[in-house]
Amino acid sequence: MKLVTGEEMKQIDKIAIEEYGIPEIILMEAAGNAVVEEIEKFIIGCCNKSIAIVCGKGNNGGDGFVIARKLLLKGFSVKVYLLAPPESIQGAAKTNLNILKKLNCPIEIEGKNVIETLKIEAIRTGLIIDCILGTGIQGEVGPVFQEAIDIINTSAALVVSVDIPSGVIADSGHIAKAAVQADKTICLQLPKVGNINYPGADYNGELIIKDIGIPSAICNGLLIDNNLITKDMVAKILTKRKGDTHKGTYGNGLIVAGSAGMTGAAILSATAAMRMGAGIIRVAAPESVNTVLENRLTEVITVPLRETKKGYMGIDDIDKVTGLIQLSNVIAVGPGCGTTLELQNLIRNVLENSNIPVVIDADGLNVLSQKIEFLSHAKAPVILTPHPKEFSRITGLSVEEINSNRINTAREFATKHQLYLVLKGSRTVVAYPNGEIYVNCTGNPGMATAGSGDALTGIITGLLAQGLEPNKAVAAAVYIHGRAGDFAAAEKGEYSLIAGDIVEAIPSVIKELVNSPTYNKGPEKRIIK
């Protein structure tokens, strides 16, 4: 699903109107219908069915006029608060305002009185619908709008925002000084970047995306690089297993991980890769920790590596690792390895010689922060999985700079170094070498726990081992990782969630995807009885 900026959505609307001949008033009517359809689902069960609709002068306000008309005709008690002079209303919005006036809908017009009346009504109304600003805002909200937003936010009423909470900047998710804190946001046609990025995402409440009839050919025909990872998308990526197969069919993965005191990273990564369906996973780790791995990883092949100092991989066994690459479909390097000269040499060697995808995480990323030039020697696809602090070390940007513009920062780095970047965190961003972006919405705060990233490395490795193309494997992996965290949190709670719970929840996610209508089942079988 495309993820758009306010300007991109404006361009989509323009093409629909000017090139496809869909009148603006029809689109506004469809938007109103979509919102009313959702409102009717929950307002019937409310004791207080009085509705206040707060409107601005743009098309978001026009949507509010349509919503007001439809709810009024359905018998609801509706009152409109217009925060702009009536003469400033133009186009389809003006037409719908005039219709509303002829229906004798109560309308409070812009001025001091509208704010005072809204303040009184907000105390006793059951539902407030926010149609103030929509996607058009770029700077700070004006004083009247800020007063109205403050009133809405302090009301006990249920609050529904149309398209995006007023005050959230559609292009970034930044807050324009003040923003409506919605209980539900009914987003029209496509999600906006501001609906998905934090802090804006915190203002949505429940996000509901509603189609308003804009032809998909318009969206697909535009060069929109930002996308949202969806369940349907991931279900299409997974393929049904055939009857006549064996472990070799599902590929070999190699994970170089672990050191003294850090065997858990290797265990989590390897177990996650196996849970993702890889046929064979090998873990190469220092020989002194091999016994621990053998005791915990009964389904995984362990490969002990000679050590320079106890508990850390030695330089002598780099040839053994490169030999194992010949048996593998993917190699992951870094979880729990320790930042050593030996790891630095291994990463350089792997990047220079590997003809299979290379996943680099954790201590591998710390090595690259000192030796970023290694990336220019890569011969195969490279996937980096930093959290913001690791990415800060690599790029020299502050964590604040990164988090203030996660999408563009990730895109610039991925295109510059021609690799796949998984920028972890709330709303993990996956950036492709061609500049495409995929943003993930699964996951929860309970996943902020040691080892969660190791689990993600394993999930990516497991999918790549089975031969999936990196662009599919990486996007699917971050979705599955977050969804597994959601399953685990539902059972354990966010406070008590640990990385092992995420790994153990992977099968539940796979079952959910396999049962999805979009799962790639292959040709239907005919059973003759």
# chains A, B, ... in the order shown; residues from 1 in each chain; ligands from 1
>>> select_by_dssp(residues="range 74-134 of chain A", states="strand (DSSP E)", output="list in words")
Val78, Lys79, Val80, Tyr81, Leu82, Ile107, Glu108, Leu127, Ile128, Ile129, Asp130 and Cys131 of chain A
>>> residues_around(residues="Ala465 in chain A", least_positions_apart="5", cutoff="9 Å", atoms="only C-alpha atoms", output="list in words")
Tyr250, Gly251, Asn252, Gly253, Leu254, Ala273, Gly277, Ala278, Gly279, Ile280, Ile281, Ser328, Asn329, Val330, Ile331 and Ile460 of chain A
>>> write_last_selection(atoms="C-alpha atoms", output="short mmCIF file (atom, residue, chain, number, x, y, z; two decimals), in the first residue's frame")
data_model
loop_
_atom_site.label_atom_id
_atom_site.label_comp_id
_atom_site.auth_asym_id
_atom_site.auth_seq_id
_atom_site.Cartn_x
_atom_site.Cartn_y
_atom_site.Cartn_z
CA TYR A 250 14.42 -24.71 2.06
CA GLY A 251 17.99 -23.57 1.99
CA ASN A 252 21.04 -23.20 4.17
CA GLY A 253 21.74 -20.25 6.40
CA LEU A 254 25.02 -19.39 8.12
CA ALA A 273 15.82 -18.58 11.47
CA GLY A 277 11.28 -22.39 7.92
CA ALA A 278 14.93 -22.52 6.84
CA GLY A 279 16.04 -26.08 6.01
CA ILE A 280 19.47 -25.94 7.65
CA ILE A 281 21.03 -23.32 9.90
CA SER A 328 24.97 -21.44 2.24
CA ASN A 329 22.31 -19.22 0.71
CA VAL A 330 22.84 -16.36 3.16
CA ILE A 331 25.30 -15.30 5.86
CA ILE A 460 15.65 -12.18 7.84
#
>>> closest_residue(among="A:Thr415, A:Thr442, A:Asn405, A:Ser166", to="Gly56 in chain A", atoms="only C-alpha atoms")
A:Ser166
>>> residues_around(residues="range 230-239 of chain A", least_positions_apart="5", cutoff="8 Å", atoms="only C-alpha atoms", output="VMD selection string")
chain A and resid 1 440 472 to 473 475 to 476 479 513 to 514 516 to 522
>>> residues_around(residues="Cys55 in chain A", least_positions_apart="4", cutoff="9 Å", atoms="only C-alpha atoms", output="MDAnalysis selection string")
chainID A and resid 60:65 80:84 129:133
>>> atom_distance(atom1="CA of Ile325 in chain A", atom2="CA of Ile506 in chain A")
26.3 Å
>>> residues_around(residues="Ile208 in chain A", least_positions_apart="5", cutoff="10 Å", atoms="only C-alpha atoms", output="VMD selection string")
chain A and resid 35 38 162 to 163 184 to 188 191
>>> write_last_selection(atoms="N, CA and C atoms", output="CSV table (one decimal), in the first residue's frame")
chain,number,residue,atom,x,y,z
A,35,VAL,N,-16.7,8.1,6.0
A,35,VAL,CA,-16.6,8.5,7.4
A,35,VAL,C,-17.9,8.1,8.1
A,38,GLU,N,-18.3,4.5,9.0
A,38,GLU,CA,-17.5,4.1,10.2
A,38,GLU,C,-18.1,4.6,11.5
A,162,VAL,N,-10.8,13.3,10.6
A,162,VAL,CA,-11.0,12.9,9.3
A,162,VAL,C,-9.7,13.1,8.5
A,163,ASP,N,-9.2,12.0,8.0
A,163,ASP,CA,-8.0,11.9,7.2
A,163,ASP,C,-6.7,11.9,8.0
A,184,LYS,N,-10.2,8.0,17.2
A,184,LYS,CA,-10.2,7.3,15.9
A,184,LYS,C,-9.8,8.3,14.8
A,185,THR,N,-9.1,7.8,13.8
A,185,THR,CA,-8.8,8.6,12.6
A,185,THR,C,-9.2,7.8,11.4
A,186,ILE,N,-10.1,8.4,10.6
A,186,ILE,CA,-10.6,7.8,9.4
A,186,ILE,C,-9.8,8.4,8.3
A,187,CYS,N,-8.8,7.6,7.8
A,187,CYS,CA,-7.9,8.1,6.7
A,187,CYS,C,-8.5,7.8,5.4
A,188,LEU,N,-8.5,8.8,4.5
A,188,LEU,CA,-9.2,8.6,3.2
A,188,LEU,C,-8.2,8.2,2.1
A,191,PRO,N,-3.0,6.0,3.4
A,191,PRO,CA,-2.4,6.6,4.7
A,191,PRO,C,-1.4,7.6,4.3
>>> residues_around(residues="Met28 in chain A", least_positions_apart="5", cutoff="9 Å", atoms="only C-alpha atoms", output="list in words")
Pro23, Asn33, Asn59, Asn60, Gly62, Asp63, Val66, Ala92, Ala93 and Ile212 of chain A
>>> write_last_selection(atoms="C-alpha atoms", output="mmCIF file, in the first residue's frame")
data_model
loop_
_atom_site.group_PDB
_atom_site.id
_atom_site.type_symbol
_atom_site.label_atom_id
_atom_site.label_comp_id
_atom_site.auth_asym_id
_atom_site.auth_seq_id
_atom_site.Cartn_x
_atom_site.Cartn_y
_atom_site.Cartn_z
ATOM 1 C CA PRO A 23 -15.850 15.729 -10.177
ATOM 2 C CA ASN A 33 -19.943 8.411 2.989
ATOM 3 C CA ASN A 59 -11.600 20.322 1.570
ATOM 4 C CA ASN A 60 -11.269 18.746 5.014
ATOM 5 C CA GLY A 62 -15.936 20.285 2.983
ATOM 6 C CA ASP A 63 -15.810 16.630 4.029
ATOM 7 C CA VAL A 66 -21.016 16.256 3.816
ATOM 8 C CA ALA A 92 -17.185 21.716 -3.703
ATOM 9 C CA ALA A 93 -16.860 22.683 -0.036
ATOM 10 C CA ILE A 212 -13.134 6.641 -1.569
#
>>> closest_atom_pairs(of="range 450-526 of chain A", to="range 355-374 of chain A", cutoff="12 Å", atoms="only C-alpha atoms", output="CSV")
residue,atom,partner,partner_atom,distance
A:Ala450,CA,A:Ala362,CA,11.4
A:Gly451,CA,A:Ala362,CA,10.2
A:Ser452,CA,A:Ala362,CA,11.2
A:Gly453,CA,A:Ala362,CA,8.1
A:Asp454,CA,A:Asp361,CA,7.9
A:Ala455,CA,A:Asp361,CA,10.9
A:Leu456,CA,A:Asp361,CA,9.6
A:Thr457,CA,A:Asp361,CA,7.0
A:Gly458,CA,A:Val359,CA,9.5
A:Ile459,CA,A:Val359,CA,10.9
A:Ile460,CA,A:Val359,CA,8.0
A:Thr461,CA,A:Val359,CA,7.3
A:Gly462,CA,A:Val359,CA,11.1
A:Leu463,CA,A:Pro357,CA,11.2
A:Leu464,CA,A:Pro357,CA,7.6
A:Ala465,CA,A:Pro357,CA,9.1
A:Gln466,CA,A:Pro357,CA,11.8
A:Gly467,CA,A:Pro357,CA,10.0
A:Leu468,CA,A:Pro357,CA,10.5
A:Glu469,CA,A:Pro357,CA,9.3
A:Pro470,CA,A:Pro357,CA,7.7
A:Asn471,CA,A:Pro357,CA,11.2
A:Ala473,CA,A:Pro357,CA,11.0
A:Val474,CA,A:Val359,CA,10.1
>>> atom_distance(atom1="CA of Val321 in chain A", atom2="CA of His246 in chain A")
24.7 Å
>>> select_by_dssp(residues="range 256-304 of chain A", states="alpha helix (DSSP H)", output="ChimeraX atom specification")
/A:263-275,290-296
>>> closest_residue(among="A:Arg427, A:Arg282, A:Lys119, A:Arg124", to="Ala201 in chain A", atoms="only C-alpha atoms")
A:Arg427
>>> closest_residue(among="A:Ile67, A:Leu423, A:Leu228, A:Ile115", to="Ala34 in chain A", atoms="only C-alpha atoms")
A:Ile67
>>> closest_residue(among="A:Leu297, A:Ile99, A:Ala499, A:Met447", to="Asp486 in chain A", atoms="only C-alpha atoms")
A:Met447
>>> closest_residue(among="A:Thr135, A:Asn104, A:Asn408, A:Asn113", to="Gly58 in chain A", atoms="only C-alpha atoms")
A:Thr135
>>> atom_distance(atom1="CA of Thr340 in chain A", atom2="CA of Leu375 in chain A")
18.0 Å
>>> closest_residue(among="A:Met9, A:Ile39, A:Leu3, A:Ile152", to="Cys441 in chain A", atoms="only C-alpha atoms")
A:Leu3
>>> decode(residues="range 385-414 of chain A", atoms="N, CA and C atoms", output="PDB file, in the first residue's frame")
ATOM      1  N   THR A 385      21.020  -3.774   9.702  1.00  0.00           N
ATOM      2  CA  THR A 385      19.845  -3.695  10.574  1.00  0.00           C
ATOM      3  C   THR A 385      20.128  -2.867  11.831  1.00  0.00           C
ATOM      4  N   PRO A 386      20.462  -1.599  11.701  1.00  0.00           N
ATOM      5  CA  PRO A 386      20.809  -0.794  12.892  1.00  0.00           C
ATOM      6  C   PRO A 386      19.591  -0.256  13.626  1.00  0.00           C
ATOM      7  N   HIS A 387      19.724  -0.100  14.936  1.00  0.00           N
ATOM      8  CA  HIS A 387      18.806   0.763  15.657  1.00  0.00           C
ATOM      9  C   HIS A 387      19.379   2.179  15.575  1.00  0.00           C
ATOM     10  N   PRO A 388      18.630   3.218  15.975  1.00  0.00           N
ATOM     11  CA  PRO A 388      19.093   4.593  15.763  1.00  0.00           C
ATOM     12  C   PRO A 388      20.477   4.898  16.328  1.00  0.00           C
ATOM     13  N   LYS A 389      20.826   4.338  17.479  1.00  0.00           N
ATOM     14  CA  LYS A 389      22.141   4.621  18.058  1.00  0.00           C
ATOM     15  C   LYS A 389      23.243   4.020  17.192  1.00  0.00           C
ATOM     16  N   GLU A 390      23.041   2.798  16.710  1.00  0.00           N
ATOM     17  CA  GLU A 390      24.031   2.184  15.814  1.00  0.00           C
ATOM     18  C   GLU A 390      24.124   2.965  14.510  1.00  0.00           C
ATOM     19  N   PHE A 391      22.974   3.405  14.007  1.00  0.00           N
ATOM     20  CA  PHE A 391      22.970   4.179  12.763  1.00  0.00           C
ATOM     21  C   PHE A 391      23.657   5.522  12.968  1.00  0.00           C
ATOM     22  N   SER A 392      23.526   6.068  14.159  1.00  0.00           N
ATOM     23  CA  SER A 392      24.207   7.321  14.488  1.00  0.00           C
ATOM     24  C   SER A 392      25.721   7.141  14.396  1.00  0.00           C
ATOM     25  N   ARG A 393      26.222   6.026  14.929  1.00  0.00           N
ATOM     26  CA  ARG A 393      27.669   5.760  14.861  1.00  0.00           C
ATOM     27  C   ARG A 393      28.130   5.627  13.408  1.00  0.00           C
ATOM     28  N   ILE A 394      27.312   5.003  12.592  1.00  0.00           N
ATOM     29  CA  ILE A 394      27.691   4.767  11.191  1.00  0.00           C
ATOM     30  C   ILE A 394      27.676   6.058  10.384  1.00  0.00           C
ATOM     31  N   THR A 395      26.649   6.893  10.599  1.00  0.00           N
ATOM     32  CA  THR A 395      26.457   8.077   9.758  1.00  0.00           C
ATOM     33  C   THR A 395      27.076   9.347  10.317  1.00  0.00           C
ATOM     34  N   GLY A 396      27.305   9.392  11.639  1.00  0.00           N
ATOM     35  CA  GLY A 396      27.766  10.620  12.263  1.00  0.00           C
ATOM     36  C   GLY A 396      26.645  11.574  12.596  1.00  0.00           C
ATOM     37  N   LEU A 397      25.405  11.217  12.264  1.00  0.00           N
ATOM     38  CA  LEU A 397      24.251  12.036  12.623  1.00  0.00           C
ATOM     39  C   LEU A 397      23.843  11.735  14.058  1.00  0.00           C
ATOM     40  N   SER A 398      23.218  12.698  14.702  1.00  0.00           N
ATOM     41  CA  SER A 398      22.721  12.440  16.050  1.00  0.00           C
ATOM     42  C   SER A 398      21.467  11.580  15.970  1.00  0.00           C
ATOM     43  N   VAL A 399      21.144  10.919  17.071  1.00  0.00           N
ATOM     44  CA  VAL A 399      19.920  10.123  17.131  1.00  0.00           C
ATOM     45  C   VAL A 399      18.708  11.016  16.890  1.00  0.00           C
ATOM     46  N   GLU A 400      18.748  12.230  17.402  1.00  0.00           N
ATOM     47  CA  GLU A 400      17.640  13.171  17.222  1.00  0.00           C
ATOM     48  C   GLU A 400      17.460  13.520  15.745  1.00  0.00           C
ATOM     49  N   GLU A 401      18.563  13.752  15.041  1.00  0.00           N
ATOM     50  CA  GLU A 401      18.475  14.048  13.604  1.00  0.00           C
ATOM     51  C   GLU A 401      17.898  12.874  12.836  1.00  0.00           C
ATOM     52  N   ILE A 402      18.312  11.674  13.194  1.00  0.00           N
ATOM     53  CA  ILE A 402      17.827  10.471  12.519  1.00  0.00           C
ATOM     54  C   ILE A 402      16.326  10.302  12.745  1.00  0.00           C
ATOM     55  N   ASN A 403      15.908  10.386  13.997  1.00  0.00           N
ATOM     56  CA  ASN A 403      14.508  10.138  14.317  1.00  0.00           C
ATOM     57  C   ASN A 403      13.578  11.248  13.837  1.00  0.00           C
ATOM     58  N   SER A 404      14.117  12.429  13.592  1.00  0.00           N
ATOM     59  CA  SER A 404      13.279  13.518  13.101  1.00  0.00           C
ATOM     60  C   SER A 404      12.962  13.370  11.617  1.00  0.00           C
ATOM     61  N   ASN A 405      13.720  12.517  10.928  1.00  0.00           N
ATOM     62  CA  ASN A 405      13.493  12.328   9.484  1.00  0.00           C
ATOM     63  C   ASN A 405      13.933  10.923   9.073  1.00  0.00           C
ATOM     64  N   ARG A 406      13.309   9.933   9.703  1.00  0.00           N
ATOM     65  CA  ARG A 406      13.747   8.542   9.540  1.00  0.00           C
ATOM     66  C   ARG A 406      13.682   8.079   8.084  1.00  0.00           C
ATOM     67  N   ILE A 407      12.613   8.427   7.400  1.00  0.00           N
ATOM     68  CA  ILE A 407      12.424   7.927   6.037  1.00  0.00           C
ATOM     69  C   ILE A 407      13.502   8.449   5.101  1.00  0.00           C
ATOM     70  N   ASN A 408      13.688   9.746   5.068  1.00  0.00           N
ATOM     71  CA  ASN A 408      14.652  10.313   4.118  1.00  0.00           C
ATOM     72  C   ASN A 408      16.097   9.998   4.497  1.00  0.00           C
ATOM     73  N   THR A 409      16.384   9.936   5.801  1.00  0.00           N
ATOM     74  CA  THR A 409      17.736   9.595   6.242  1.00  0.00           C
ATOM     75  C   THR A 409      18.083   8.170   5.811  1.00  0.00           C
ATOM     76  N   ALA A 410      17.141   7.251   6.009  1.00  0.00           N
ATOM     77  CA  ALA A 410      17.361   5.860   5.604  1.00  0.00           C
ATOM     78  C   ALA A 410      17.497   5.746   4.091  1.00  0.00           C
ATOM     79  N   ARG A 411      16.656   6.472   3.362  1.00  0.00           N
ATOM     80  CA  ARG A 411      16.692   6.411   1.900  1.00  0.00           C
ATOM     81  C   ARG A 411      18.040   6.901   1.351  1.00  0.00           C
ATOM     82  N   GLU A 412      18.516   8.014   1.896  1.00  0.00           N
ATOM     83  CA  GLU A 412      19.772   8.580   1.407  1.00  0.00           C
ATOM     84  C   GLU A 412      20.936   7.614   1.626  1.00  0.00           C
ATOM     85  N   PHE A 413      20.967   6.976   2.782  1.00  0.00           N
ATOM     86  CA  PHE A 413      22.063   6.055   3.080  1.00  0.00           C
ATOM     87  C   PHE A 413      21.986   4.812   2.191  1.00  0.00           C
ATOM     88  N   ALA A 414      20.778   4.258   2.030  1.00  0.00           N
ATOM     89  CA  ALA A 414      20.622   3.037   1.233  1.00  0.00           C
ATOM     90  C   ALA A 414      20.973   3.263  -0.230  1.00  0.00           C
TER      91      ALA A 414
END
